[in-house]
Structures are given as structure tokens and as C-alpha cells.
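One file, run_8.cif, carrying mmCIF, C-alpha atoms and all ligand atoms:
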data_input
#
loop_
_atom_site.label_atom_id
_atom_site.label_comp_id
_atom_site.auth_asym_id
_atom_site.auth_seq_id
_atom_site.Cartn_x
_atom_site.Cartn_y
_atom_site.Cartn_z
CA MET A 1 -6.74 7.69 40.54
CA SER A 2 -9.15 4.80 40.29
CA GLN A 3 -10.32 4.17 36.77
CA ILE A 4 -13.75 5.35 35.74
CA SER A 5 -16.03 3.14 33.70
CA PHE A 6 -19.51 3.62 32.28
CA VAL A 7 -22.55 1.52 33.15
CA ASN A 8 -25.96 2.45 31.77
CA ASN A 9 -25.50 6.22 31.69
CA GLN A 10 -23.50 6.37 34.91
CA PHE A 11 -19.80 7.10 35.21
CA ILE A 12 -18.62 4.93 38.06
CA ASN A 13 -15.34 3.63 39.56
CA ARG A 14 -14.34 0.48 37.71
CA ASP A 15 -14.05 -1.57 40.91
CA GLN A 16 -17.62 -0.64 41.83
CA ALA A 17 -19.14 -1.27 38.40
CA PHE A 18 -21.34 -4.37 38.31
CA VAL A 19 -24.12 -5.96 36.30
CA SER A 20 -26.51 -8.64 37.53
CA ILE A 21 -25.60 -12.35 37.62
CA GLU A 22 -28.71 -12.77 35.47
CA ASP A 23 -27.33 -10.57 32.71
CA ARG A 24 -27.89 -12.42 29.43
CA ALA A 25 -24.29 -11.86 28.28
CA PHE A 26 -23.04 -13.58 31.46
CA GLN A 27 -25.31 -16.61 31.04
CA PHE A 28 -25.68 -16.91 27.24
CA ALA A 29 -23.02 -14.66 25.64
CA ASP A 30 -26.14 -12.77 24.52
CA GLY A 31 -24.43 -9.51 23.71
CA VAL A 32 -22.22 -7.67 21.27
CA TYR A 33 -19.13 -5.58 21.73
CA GLU A 34 -16.74 -3.19 20.01
CA VAL A 35 -13.16 -2.14 20.61
CA ILE A 36 -12.36 1.33 19.30
CA LEU A 37 -8.99 3.04 19.19
CA PHE A 38 -8.69 6.56 20.63
CA LYS A 39 -5.67 8.46 19.34
CA ASN A 40 -4.62 12.00 20.32
CA GLY A 41 -8.12 12.91 21.45
CA LYS A 42 -9.79 11.39 18.39
CA LEU A 43 -11.86 8.22 17.99
CA ILE A 44 -10.69 6.15 15.02
CA ASP A 45 -13.52 5.14 12.68
CA ALA A 46 -16.15 5.53 15.41
CA ARG A 47 -19.06 5.58 12.93
CA PRO A 48 -18.26 2.30 11.17
CA HIS A 49 -17.71 0.67 14.59
CA LEU A 50 -21.08 1.91 15.86
CA ASN A 51 -22.80 0.94 12.60
CA ARG A 52 -21.43 -2.58 13.03
CA LEU A 53 -22.62 -2.56 16.66
CA PHE A 54 -26.12 -1.48 15.62
CA ASN A 55 -26.18 -4.11 12.83
CA GLY A 56 -25.24 -6.75 15.40
CA LEU A 57 -27.99 -5.60 17.77
CA SER A 58 -30.48 -5.79 14.97
CA LYS A 59 -29.31 -9.26 13.81
CA LEU A 60 -29.72 -10.52 17.40
CA SER A 61 -33.09 -8.69 17.73
CA ILE A 62 -31.86 -6.77 20.77
CA ASN A 63 -34.23 -3.81 21.12
CA HIS A 64 -32.70 -0.52 22.18
CA ASN A 65 -33.07 3.24 22.09
CA PHE A 66 -29.37 4.08 21.79
CA LEU A 67 -28.34 7.04 19.68
CA GLN A 68 -24.91 6.95 18.07
CA ASP A 69 -24.25 10.62 18.83
CA GLU A 70 -24.97 10.06 22.52
CA ILE A 71 -22.70 7.02 22.64
CA VAL A 72 -19.87 8.99 21.01
CA GLU A 73 -20.38 11.84 23.50
CA ASN A 74 -20.23 9.38 26.43
CA ILE A 75 -17.10 7.72 25.05
CA LEU A 76 -15.35 11.09 24.78
CA GLN A 77 -16.50 11.97 28.33
CA LEU A 78 -15.17 8.64 29.58
CA PHE A 79 -11.68 9.26 28.17
CA LYS A 80 -11.79 12.79 29.54
CA LYS A 81 -12.78 11.62 33.03
CA ASN A 82 -9.88 9.17 32.91
CA GLU A 83 -7.56 11.97 31.77
CA MET A 84 -6.51 9.96 28.72
CA GLU A 85 -5.56 11.41 25.33
CA SER A 86 -5.07 7.98 23.73
CA GLY A 87 -6.11 4.45 24.55
CA SER A 88 -8.65 1.82 23.62
CA LEU A 89 -12.33 1.61 24.41
CA TYR A 90 -14.23 -1.58 25.20
CA LEU A 91 -17.99 -1.23 24.73
CA GLN A 92 -20.44 -4.05 25.39
CA VAL A 93 -24.19 -4.22 25.04
CA SER A 94 -26.04 -7.21 26.46
CA ARG A 95 -29.70 -8.01 25.90
CA GLY A 96 -30.27 -7.21 29.58
CA VAL A 97 -31.32 -9.01 32.74
CA ALA A 98 -33.95 -11.77 32.81
CA LYS A 99 -34.76 -15.01 34.61
CA ARG A 100 -32.64 -17.70 33.00
CA GLY A 101 -34.36 -19.39 30.08
CA LEU A 102 -33.65 -20.14 26.44
CA LEU A 103 -36.54 -18.19 24.99
CA THR A 104 -35.68 -14.59 24.18
CA PRO A 105 -37.05 -12.43 27.02
CA ARG A 106 -39.29 -9.52 25.99
CA GLY A 107 -39.55 -6.04 27.40
CA ILE A 108 -36.15 -5.85 29.07
CA GLU A 109 -33.63 -3.03 28.77
CA PRO A 110 -30.17 -3.72 27.31
CA ASN A 111 -27.11 -3.10 29.50
CA LEU A 112 -24.41 -0.88 28.03
CA VAL A 113 -20.99 -0.93 29.72
CA MET A 114 -17.77 0.75 28.65
CA THR A 115 -14.22 0.63 29.96
CA VAL A 116 -11.01 2.22 28.72
CA ASP A 117 -7.47 0.91 28.69
CA ASP A 118 -4.01 1.98 27.62
CA HIS A 119 -3.08 1.06 24.08
CA LYS A 120 0.50 0.08 23.46
CA GLU A 121 1.51 0.56 19.86
CA PHE A 122 4.06 -1.86 18.45
CA ASN A 123 7.43 -0.21 18.08
CA ASP A 124 9.60 -0.55 14.98
CA GLU A 125 11.58 -3.41 16.44
CA GLU A 126 8.44 -5.42 17.25
CA PHE A 127 7.04 -4.62 13.81
CA THR A 128 10.23 -5.80 12.12
CA ARG A 129 10.16 -9.05 14.09
CA GLY A 130 6.61 -9.84 12.90
CA VAL A 131 4.50 -12.62 14.35
CA LYS A 132 4.34 -16.39 14.00
CA ILE A 133 0.88 -17.87 13.78
CA MET A 134 -0.43 -21.42 14.06
CA SER A 135 -3.30 -22.73 11.95
CA ALA A 136 -6.31 -23.92 13.92
CA ASP A 137 -9.61 -25.54 13.13
CA ASP A 138 -12.26 -22.79 13.10
CA ILE A 139 -14.76 -24.31 15.53
CA ARG A 140 -16.66 -21.05 16.10
CA TRP A 141 -20.35 -20.87 15.28
CA HIS A 142 -21.70 -19.75 11.88
CA MET A 143 -22.50 -16.11 12.75
CA VAL A 144 -19.06 -14.69 13.39
CA ASP A 145 -19.93 -11.67 11.26
CA VAL A 146 -21.75 -10.53 14.40
CA LYS A 147 -19.27 -9.42 17.05
CA THR A 148 -20.79 -11.30 19.97
CA THR A 149 -19.18 -11.78 23.35
CA ALA A 150 -18.94 -15.55 22.66
CA LEU A 151 -15.15 -15.70 22.46
CA LEU A 152 -14.37 -19.05 24.05
CA ALA A 153 -13.27 -20.76 20.80
CA SER A 154 -10.99 -17.80 20.02
CA SER A 155 -9.58 -17.77 23.53
CA MET A 156 -8.85 -21.52 23.43
CA ALA A 157 -7.24 -21.31 19.98
CA LYS A 158 -5.04 -18.39 21.04
CA GLN A 159 -4.00 -20.20 24.23
CA LYS A 160 -3.16 -23.37 22.30
CA ALA A 161 -1.05 -21.32 19.88
CA ALA A 162 0.69 -19.54 22.76
CA ASP A 163 1.42 -22.87 24.50
CA ALA A 164 3.05 -24.08 21.27
CA GLY A 165 5.23 -20.95 21.09
CA TYR A 166 3.20 -18.97 18.53
CA ASP A 167 1.83 -15.43 18.78
CA ASP A 168 -1.66 -16.19 17.55
CA ALA A 169 -3.83 -18.71 15.74
CA LEU A 170 -5.12 -18.53 12.17
CA PHE A 171 -8.57 -20.04 11.77
CA VAL A 172 -9.23 -22.42 8.86
CA ARG A 173 -12.74 -23.74 8.18
CA ASP A 174 -13.34 -26.52 5.65
CA GLY A 175 -10.01 -25.71 4.03
CA VAL A 176 -10.71 -21.95 3.78
CA VAL A 177 -8.63 -19.46 5.79
CA THR A 178 -11.08 -17.24 7.67
CA GLU A 179 -9.21 -14.90 10.06
CA GLY A 180 -7.07 -14.63 13.18
CA THR A 181 -8.54 -14.98 16.67
CA PHE A 182 -9.04 -11.21 16.90
CA ALA A 183 -7.84 -9.88 13.55
CA ASN A 184 -8.43 -10.15 9.81
CA PHE A 185 -5.84 -11.79 7.58
CA PHE A 186 -4.31 -10.49 4.33
CA PHE A 187 -1.61 -11.86 2.06
CA VAL A 188 0.25 -10.49 -0.94
CA ASP A 189 0.45 -12.93 -3.86
CA GLN A 190 3.29 -13.38 -6.36
CA ASP A 191 1.80 -10.64 -8.61
CA GLY A 192 1.70 -8.14 -5.75
CA VAL A 193 -2.09 -8.39 -5.36
CA LEU A 194 -3.45 -7.94 -1.84
CA VAL A 195 -5.85 -10.78 -1.03
CA THR A 196 -8.24 -11.15 1.92
CA LYS A 197 -11.24 -13.36 2.56
CA LYS A 198 -14.54 -12.20 1.06
CA LEU A 199 -17.13 -11.11 3.58
CA ASP A 200 -19.77 -13.61 4.63
CA ASN A 201 -21.09 -15.11 7.85
CA LEU A 202 -17.75 -16.85 8.54
CA VAL A 203 -15.61 -13.76 9.05
CA LEU A 204 -15.90 -10.51 10.98
CA PRO A 205 -16.21 -7.45 8.72
CA GLY A 206 -13.24 -5.74 10.37
CA ILE A 207 -13.26 -1.96 10.42
CA THR A 208 -9.47 -1.89 10.00
CA ARG A 209 -9.84 -4.42 7.15
CA ALA A 210 -12.19 -2.04 5.31
CA ARG A 211 -9.90 0.94 5.94
CA ILE A 212 -6.82 -0.99 4.73
CA ILE A 213 -8.63 -2.03 1.54
CA ASP A 214 -9.61 1.58 0.90
CA LEU A 215 -6.09 2.91 1.58
CA ALA A 216 -4.52 0.19 -0.59
CA LYS A 217 -6.82 0.95 -3.53
CA LYS A 218 -6.11 4.68 -3.23
CA GLN A 219 -2.42 3.78 -3.35
CA GLY A 220 -3.02 1.98 -6.66
CA LEU A 221 -2.70 -1.54 -5.27
CA GLN A 222 -4.97 -4.25 -6.59
CA VAL A 223 -7.10 -5.81 -3.86
CA ILE A 224 -9.15 -8.99 -4.23
CA GLU A 225 -11.66 -10.24 -1.67
CA ARG A 226 -12.12 -13.99 -2.17
CA ASP A 227 -11.84 -17.33 -0.43
CA PHE A 228 -8.47 -19.08 -0.41
CA SER A 229 -6.88 -22.12 1.20
CA LEU A 230 -4.01 -22.37 3.64
CA ASP A 231 -2.17 -24.32 0.96
CA GLU A 232 -2.44 -21.39 -1.44
CA VAL A 233 -1.08 -19.01 1.20
CA LEU A 234 1.85 -21.29 1.96
CA LYS A 235 2.66 -21.69 -1.75
CA ASN A 236 1.90 -18.20 -3.08
CA ALA A 237 2.22 -15.61 -0.34
CA LYS A 238 5.14 -13.22 -0.60
CA GLU A 239 3.91 -11.38 2.50
CA ALA A 240 1.08 -11.61 5.00
CA PHE A 241 -0.32 -9.45 7.79
CA LEU A 242 -3.10 -9.21 10.37
CA THR A 243 -5.27 -6.15 10.96
CA SER A 244 -7.39 -5.01 13.89
CA SER A 245 -8.21 -1.86 15.82
CA THR A 246 -5.58 -2.64 18.44
CA LEU A 247 -3.00 -4.57 16.34
CA LEU A 248 -3.24 -2.04 13.50
CA VAL A 249 -1.11 -3.72 10.79
CA ARG A 250 0.95 -6.63 12.12
CA PRO A 251 3.24 -8.59 9.76
CA VAL A 252 3.02 -12.39 9.75
CA VAL A 253 6.41 -13.95 9.03
CA GLN A 254 5.64 -17.59 9.76
CA ILE A 255 2.60 -19.89 9.57
CA ASP A 256 3.01 -23.22 11.34
CA GLU A 257 6.57 -24.30 10.51
CA ASN A 258 6.61 -22.44 7.15
CA LEU A 259 8.16 -19.03 6.55
CA VAL A 260 5.97 -16.54 4.68
CA GLY A 261 8.03 -15.46 1.64
CA ASP A 262 11.59 -15.00 2.83
CA GLY A 263 10.44 -14.77 6.46
CA LYS A 264 11.00 -11.01 6.58
CA VAL A 265 8.49 -8.17 6.70
CA GLY A 266 7.61 -7.27 3.10
CA GLU A 267 7.40 -3.94 1.30
CA VAL A 268 3.61 -3.91 0.83
CA THR A 269 3.13 -4.59 4.56
CA LYS A 270 5.46 -1.69 5.39
CA VAL A 271 3.57 0.63 3.05
CA MET A 272 0.19 -0.42 4.47
CA ARG A 273 1.40 0.13 8.03
CA LYS A 274 2.67 3.59 7.14
CA LEU A 275 -0.56 4.53 5.35
CA TYR A 276 -2.60 3.31 8.31
CA LEU A 277 -0.44 5.14 10.88
CA ASP A 278 -0.71 8.32 8.79
CA PHE A 279 -4.48 7.84 8.71
CA ILE A 280 -4.91 7.42 12.48
CA ASN A 281 -2.50 10.25 13.24
CA SER A 282 -4.05 12.67 10.74
N1 LIG B 1 -11.73 -10.63 13.39
C1 LIG B 1 -12.06 -10.93 14.67
C2 LIG B 1 -12.50 -12.32 14.99
C3 LIG B 1 -11.96 -9.95 15.67
O1 LIG B 1 -12.29 -10.26 16.93
C4 LIG B 1 -11.51 -8.66 15.33
C5 LIG B 1 -11.40 -7.61 16.33
O2 LIG B 1 -11.59 -7.81 17.50
C6 LIG B 1 -11.18 -8.39 13.99
C7 LIG B 1 -11.32 -9.40 13.03
C8 LIG B 1 -10.71 -7.03 13.57
O3 LIG B 1 -11.78 -6.12 13.59
P1 LIG B 1 -11.54 -4.55 13.70
O4 LIG B 1 -10.59 -4.18 12.61
O5 LIG B 1 -12.89 -3.99 13.52
O6 LIG B 1 -10.96 -4.30 15.06
#

Could you spell out this file's structure in C-alpha cells?
Ligand code: PLP
Amino acid sequence: MSQISFVNNQFINRDQAFVSIEDRAFQFADGVYEVILFKNGKLIDARPHLNRLFNGLSKLSINHNFLQDEIVENILQLFKKNEMESGSLYLQVSRGVAKRGLLTPRGIEPNLVMTVDDHKEFNDEEFTRGVKIMSADDIRWHMVDVKTTALLASSMAKQKAADAGYDDALFVRDGVVTEGTFANFFFVDQDGVLVTKKLDNLVLPGITRARIIDLAKKQGLQVIERDFSLDEVLKNAKEAFLTSSTLLVRPVVQIDENLVGDGKVGEVTKVMRKLYLDFINS
């Protein structure tokens, strides 16, 4: 069966789904996107994802008439048409189609496209192995709190890390650790406190990040959101992990040539993974 995708209110075969070459996302990365996990017939944290999408649209002044309930209904239809019970959703909204020019075009309709894919969860063996990440200069622009389709810096950093034998890159800007190329970063300090970067314009407010903070606090763990340096992580981290809608909770066992803690997946990371898996499977 050919895969079905969604383009502006139409369900259409993926290989026949097109937008114009004058789409603003194609020419200017003038669009925002979301990736949402779908597990056993249920969308995980759909509302926070769509709230972040709508915030992004408003920060970019992209006018639209979308309704969250309608989007959710179309997402569920899309998985149903693809006969999928679990998977991941990619949703992108561009400003729309206009003659190329730097000024923001007025009176155009945004393009909404959605595709679905399989989601492979990491098995226990992969989890236990953890990932090695390489620090990288964060050369992205200063509005990464908006989830735009401008991912070239992330793509290049991830490729450079992969070429050097690492699983991912860890962005550092002016000495401050920001996040991974497509995930937020947490570490556990010597006192067992869970630390992650405070929210500002230099980090994406991850939906999984927020959920992990909530689950950790409910578990009685102390969580601090603040800026920290790579040096501090290398000196003080007993454990570290990445979070995202598709990675879930992924342990980091090495940063550059340094082991994190004893180089093994730590207890807090294991607990957080279990709590998160329980949450998405509930
Ligand atoms: N940070 C960046 C730069 C990302 O691209 C992503 C997800 O794609 C995340 C963090 C994690 O966000 P979420 O948990 O909402 O998937």
C-alpha cells in the first residue's frame, strides 16, 4: 500500500503530494514544524505540541485559521488511513506561496502538510549502550525557541559528529551548553539534582523536556533549570541524557573523549526512562 500523506485538507498518496517551488519554506525556511509520537492509537502530548506550533506561527506572524481540534482529527485520520497503531507524525506549516522576495507577503494562505512514519523504540540493549556525543559550536540563529524548518546548522553538526564516530552533537554557545541537534540535554549532578538549561531564545522548549521535569518532580527528584558550562558537565555530571519525542530518554555515556560518570547508564536515567515509558503507554 502506498503511504498516504496530508496536504491542505486532502489525503493524498505520498509520492503524489507536492507543494509549489515558490513555497516560502522551500525558499526561506519560512515555516514551523512538529514531530509527535503516536503510541497504541494515542497521540502523546498532542496539545502541548500544537500549542508550541501555534506559538511559533504567532511569533513568525504567519496568519492562519487552523483549529487544534481539526488538526488532531486529521492526524488521527491520517494514521487510520495508513493502518498504523503507532508511529511518528511530521507536521509542517509554511507561510504559503508567494513570488520570491524578502518582504513578508500579505494575504496568502499557509500550507499544512503531514506525513507519518514508523517509530522504532530503542531496545534495552541499545539503551544500555547509551550514546556518545561531540560538542559543537552552536552556530544556529537566535530564535531556536521557535521550531522552524531551518535545520541546516543542526544537520551539519550531526553529520560532523557522525563522521567523527559520534552519535550526535551537543551544542555549546558562548560557553553555555544549549541542547542536542534534535533533543534537550539533562545531567545529574553529584548531589543527585537533575539539571537542564533554563528556557530562553537559545533552546527549544521541548515537550518531552517539560514532561520529564514534571515526572521527575512527582517522583521527588530535585530539578533545576539553569545555564551551565560544558566544563561543569564534564567535572560534575554523574549521569546525562537526551530527550525528544522520538528519542524518548536516551542516556549519554560519553562527551567528546570524556566518559560521563563511570561511563555507564545511571540510576536516575533508568528511572526517568521507565517513568516516561509508563506515561506514554498509559
Ligand atoms: N531540541 C531541538 C533542537 C529539537 O529539534 C527537538 C526535537 O525535534 C527537541 C529539542 C526535543 O523536543 P520535543 O521533546 O518536543 O520533541

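The nearest approach to A:Ile62 among the residues A:Ser135, A:Asn111, A:Asn236, A:Asn201, with all atoms listed in the file taken into account, belongs to A:Asn111.
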
I'd like the neighbourhood of A:Asp30 as a ChimeraX atom specification, where a residue qualifies if any of its atoms comes within 12 Å (using all atoms listed in the file), though same-chain residues fewer than 4 positions away should be ignored.
/A:22-26,56-57,59-62,92-98,100-105,110-111,146-151

So that each row is one residue of chain A with an atom at most 10 Å from ligand LIG 1 (chain B), can you give its shortest atom pair and the distance in Å to one decimal, using all atoms listed in the file, rows by chain and rising number, as JSON lines?
{"residue": "A:Tyr33", "atom": "CA", "partner": "B:LIG1", "partner_atom": "O2", "distance": 8.9}
{"residue": "A:Glu34", "atom": "CA", "partner": "B:LIG1", "partner_atom": "O2", "distance": 7.4}
{"residue": "A:Val35", "atom": "CA", "partner": "B:LIG1", "partner_atom": "O6", "distance": 6.3}
{"residue": "A:Ile36", "atom": "CA", "partner": "B:LIG1", "partner_atom": "O6", "distance": 7.2}
{"residue": "A:Leu37", "atom": "CA", "partner": "B:LIG1", "partner_atom": "O6", "distance": 8.6}
{"residue": "A:Asp45", "atom": "CA", "partner": "B:LIG1", "partner_atom": "O5", "distance": 9.2}
{"residue": "A:Pro48", "atom": "CA", "partner": "B:LIG1", "partner_atom": "O5", "distance": 8.6}
{"residue": "A:His49", "atom": "CA", "partner": "B:LIG1", "partner_atom": "O5", "distance": 6.8}
{"residue": "A:Arg52", "atom": "CA", "partner": "B:LIG1", "partner_atom": "O5", "distance": 8.7}
{"residue": "A:Arg140", "atom": "CA", "partner": "B:LIG1", "partner_atom": "C2", "distance": 9.7}
{"residue": "A:Val144", "atom": "CA", "partner": "B:LIG1", "partner_atom": "C2", "distance": 7.2}
{"residue": "A:Asp145", "atom": "CA", "partner": "B:LIG1", "partner_atom": "C2", "distance": 8.3}
{"residue": "A:Val146", "atom": "CA", "partner": "B:LIG1", "partner_atom": "C2", "distance": 9.4}
{"residue": "A:Lys147", "atom": "CA", "partner": "B:LIG1", "partner_atom": "O1", "distance": 7.0}
{"residue": "A:Thr148", "atom": "CA", "partner": "B:LIG1", "partner_atom": "O1", "distance": 9.1}
{"residue": "A:Thr149", "atom": "CA", "partner": "B:LIG1", "partner_atom": "O1", "distance": 9.5}
{"residue": "A:Leu151", "atom": "CA", "partner": "B:LIG1", "partner_atom": "O1", "distance": 8.3}
{"residue": "A:Ser154", "atom": "CA", "partner": "B:LIG1", "partner_atom": "C2", "distance": 7.6}
{"residue": "A:Phe171", "atom": "CA", "partner": "B:LIG1", "partner_atom": "C2", "distance": 9.2}
{"residue": "A:Thr178", "atom": "CA", "partner": "B:LIG1", "partner_atom": "N1", "distance": 8.8}
{"residue": "A:Glu179", "atom": "CA", "partner": "B:LIG1", "partner_atom": "N1", "distance": 6.0}
{"residue": "A:Gly180", "atom": "CA", "partner": "B:LIG1", "partner_atom": "N1", "distance": 6.1}
{"residue": "A:Thr181", "atom": "CA", "partner": "B:LIG1", "partner_atom": "C2", "distance": 5.1}
{"residue": "A:Phe182", "atom": "CA", "partner": "B:LIG1", "partner_atom": "O1", "distance": 3.4}
{"residue": "A:Ala183", "atom": "CA", "partner": "B:LIG1", "partner_atom": "C7", "distance": 3.6}
{"residue": "A:Asn184", "atom": "CA", "partner": "B:LIG1", "partner_atom": "C7", "distance": 4.4}
{"residue": "A:Phe185", "atom": "CA", "partner": "B:LIG1", "partner_atom": "C7", "distance": 8.1}
{"residue": "A:Leu202", "atom": "CA", "partner": "B:LIG1", "partner_atom": "C2", "distance": 9.5}
{"residue": "A:Val203", "atom": "CA", "partner": "B:LIG1", "partner_atom": "N1", "distance": 6.6}
{"residue": "A:Leu204", "atom": "CA", "partner": "B:LIG1", "partner_atom": "N1", "distance": 4.8}
{"residue": "A:Pro205", "atom": "CA", "partner": "B:LIG1", "partner_atom": "O3", "distance": 6.7}
{"residue": "A:Gly206", "atom": "CA", "partner": "B:LIG1", "partner_atom": "O3", "distance": 3.6}
{"residue": "A:Ile207", "atom": "CA", "partner": "B:LIG1", "partner_atom": "O5", "distance": 3.7}
{"residue": "A:Thr208", "atom": "CA", "partner": "B:LIG1", "partner_atom": "O4", "distance": 3.6}
{"residue": "A:Arg209", "atom": "CA", "partner": "B:LIG1", "partner_atom": "O4", "distance": 5.5}
{"residue": "A:Ala210", "atom": "CA", "partner": "B:LIG1", "partner_atom": "O4", "distance": 7.8}
{"residue": "A:Arg211", "atom": "CA", "partner": "B:LIG1", "partner_atom": "O4", "distance": 8.4}
{"residue": "A:Ile212", "atom": "CA", "partner": "B:LIG1", "partner_atom": "O4", "distance": 9.3}
{"residue": "A:Leu242", "atom": "CA", "partner": "B:LIG1", "partner_atom": "C8", "distance": 8.5}
{"residue": "A:Thr243", "atom": "CA", "partner": "B:LIG1", "partner_atom": "O4", "distance": 5.9}
{"residue": "A:Ser244", "atom": "CA", "partner": "B:LIG1", "partner_atom": "O4", "distance": 3.5}
{"residue": "A:Ser245", "atom": "CA", "partner": "B:LIG1", "partner_atom": "O6", "distance": 3.8}
{"residue": "A:Thr246", "atom": "CA", "partner": "B:LIG1", "partner_atom": "O6", "distance": 6.6}
{"residue": "A:Leu247", "atom": "CA", "partner": "B:LIG1", "partner_atom": "O6", "distance": 8.1}
{"residue": "A:Leu248", "atom": "CA", "partner": "B:LIG1", "partner_atom": "O4", "distance": 7.7}
{"residue": "A:Val249", "atom": "CA", "partner": "B:LIG1", "partner_atom": "O4", "distance": 9.7}

Separation of atom CA of A:Val176 from atom CA of A:Lys264, in Å and rounded to one decimal:
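Distance reported for this atom pair: 24.5 Å.
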
d(atom CA of A:Phe127, atom CA of A:Val188) in Å
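Going from atom CA of A:Phe127 over to atom CA of A:Val188, I get 17.3 Å.
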